[in-house]
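*Asks:* Sharing a structure with you now.
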Amino acid sequence: MKTTMSGMKFRRTCSVCNATFFSPDRKAAYCLKCIKKRVVKHIPAEAKAPAAAAVRVAPRPAPPPAGPVEPAKARPPRVPKAAVITPDLRQRIVEVFEKEYANRPVQTRDVHTQIANRLWIKRQLVADVVRELSQSKALLSEELKSRAIEMYQRFVESGHRPEGGRRRAISSAVGVPYKQVMKLIREWSMAEYEKSPTPNPSRQQLFEVEKLYWEELTQQRHRLTELPEKIASQLGYITRWQVLRWLDVLHDDQRAFANVPDPPSEALQQILDAYIKYLTSPAPPEQGLHYSIAGQIPKVSPRQVHKVLQDYRHQMRAQYPLI
């Protein structure tokens, strides 16, 4: 060991070439020559050259603004389209439609869209107002009223149900909007019910109508078209029109049961037997006919019972000899 101006150094022997060298590191094992020849894989700490510190390049400063900078304005949120009709909004729709679109050959959907975008409201609101406006202009004369009611009566009496429904068929035939036809028939039918001694028959009274109707179907004493009048006269508390409407319900549209699966074959006769028993009972079941029968037969739903009874009633009426 010797002492120099730079501090204390230690005598060491290179573990590679056995040369003697002096190092400030007391544990140094390699001389500088061996280190330079890259004989040693791991360089001692004192032989490592100090790494140059990474120089961070600062961004170029932005030029100073020529004048005062205004803060960026926040974009206001977009107001959603109005979804509720008001009297004022309805009046604005009517004014725009009457002034700019009433006499122009423009597609109805385009009219609705253009007015909706102009007034910034939902398109359905415009469609509803324009439809009501168009329907209110359709004048329903007494002749058209009589024709519509007559068509509806014939549909009920014959049991015919056109594709799309009776009221839509009447609407197309007489050229009157569907909603007006609905309103006309509803008001006329309610007026007919008010003429009856019993405007709102009970379940028991309707049950008596069904029993008498089935009795006449089996005895075949009168023409089929005469049965409503015969039943009404025999009961006394109900009119011919009320009987017709109830029989119309009993012979519902069979297309409504297209997606209802048929019950098991062994359950079919059980349903019909239960229906015949129902017709001989003094009162209807408390729970309802279809639910009552379905509860007696395993793996049968009320909807399936309804389908079987509809088919059965339609079949019996179709086979009636005295039309």
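Here's how to read the names in the structure tokens: chain A, B, ... by the order shown, residue numbers from 1 in each chain, ligand numbers from 1 in the order shown.
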Need to verify the contact set: Leu227 of chain A, 10 Å, only C-alpha atoms, exclusion of same-chain residues closer than 4 positions in sequence. Can you return it as a list in words?
*Replies:*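 Neighbouring residues, sequence-local ones excluded: Leu212, Tyr213, Glu216, Leu217, Gln220, Arg221, His222, Arg223, Ile231, Ala232, Ser233, Arg240, Val243 and Leu244 of chain A.
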*Asks:* Considering only C-alpha atoms, return as a PyMOL selection string whatever protein or nucleic-acid residues lie within 10 Å of Gln296 of chain A, sequence-local ones (same chain, fewer than 6 positions apart) excluded.
*Replies:* chain A and resi 270-271+274
*Asks:* Keeping only N, CA, C and O atoms, write the selected residues to a file as a PDB file, in the first residue's frame.
*Replies:*
ATOM      1  N   GLN A 270    -111.922 -34.845 -24.453  1.00  0.00           N
ATOM      2  CA  GLN A 270    -112.162 -34.427 -23.072  1.00  0.00           C
ATOM      3  C   GLN A 270    -112.621 -32.966 -23.022  1.00  0.00           C
ATOM      4  O   GLN A 270    -113.492 -32.610 -22.223  1.00  0.00           O
ATOM      5  N   ILE A 271    -112.039 -32.133 -23.879  1.00  0.00           N
ATOM      6  CA  ILE A 271    -112.433 -30.723 -23.925  1.00  0.00           C
ATOM      7  C   ILE A 271    -113.879 -30.585 -24.401  1.00  0.00           C
ATOM      8  O   ILE A 271    -114.681 -29.836 -23.818  1.00  0.00           O
ATOM      9  N   ALA A 274    -116.291 -31.725 -21.753  1.00  0.00           N
ATOM     10  CA  ALA A 274    -116.406 -30.717 -20.687  1.00  0.00           C
ATOM     11  C   ALA A 274    -117.273 -29.545 -21.147  1.00  0.00           C
ATOM     12  O   ALA A 274    -118.011 -28.956 -20.343  1.00  0.00           O
TER      13      ALA A 274
END
*Asks:* Please determine, counting only C-alpha atoms, which residue among A:Tyr320, A:Phe257, A:Tyr178, A:Trp246 has the shortest atom-to-atom distance to Thr218 of chain A.
*Replies:*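 The shortest atom-to-atom distance to Thr218 of chain A comes from A:Tyr320.
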*Asks:* In terms of the shortest atom-to-atom distance over only C-alpha atoms, which of A:His251, A:Lys211, A:Lys36, A:Arg317 is closest to Leu224 of chain A?
*Replies:* A:Arg317
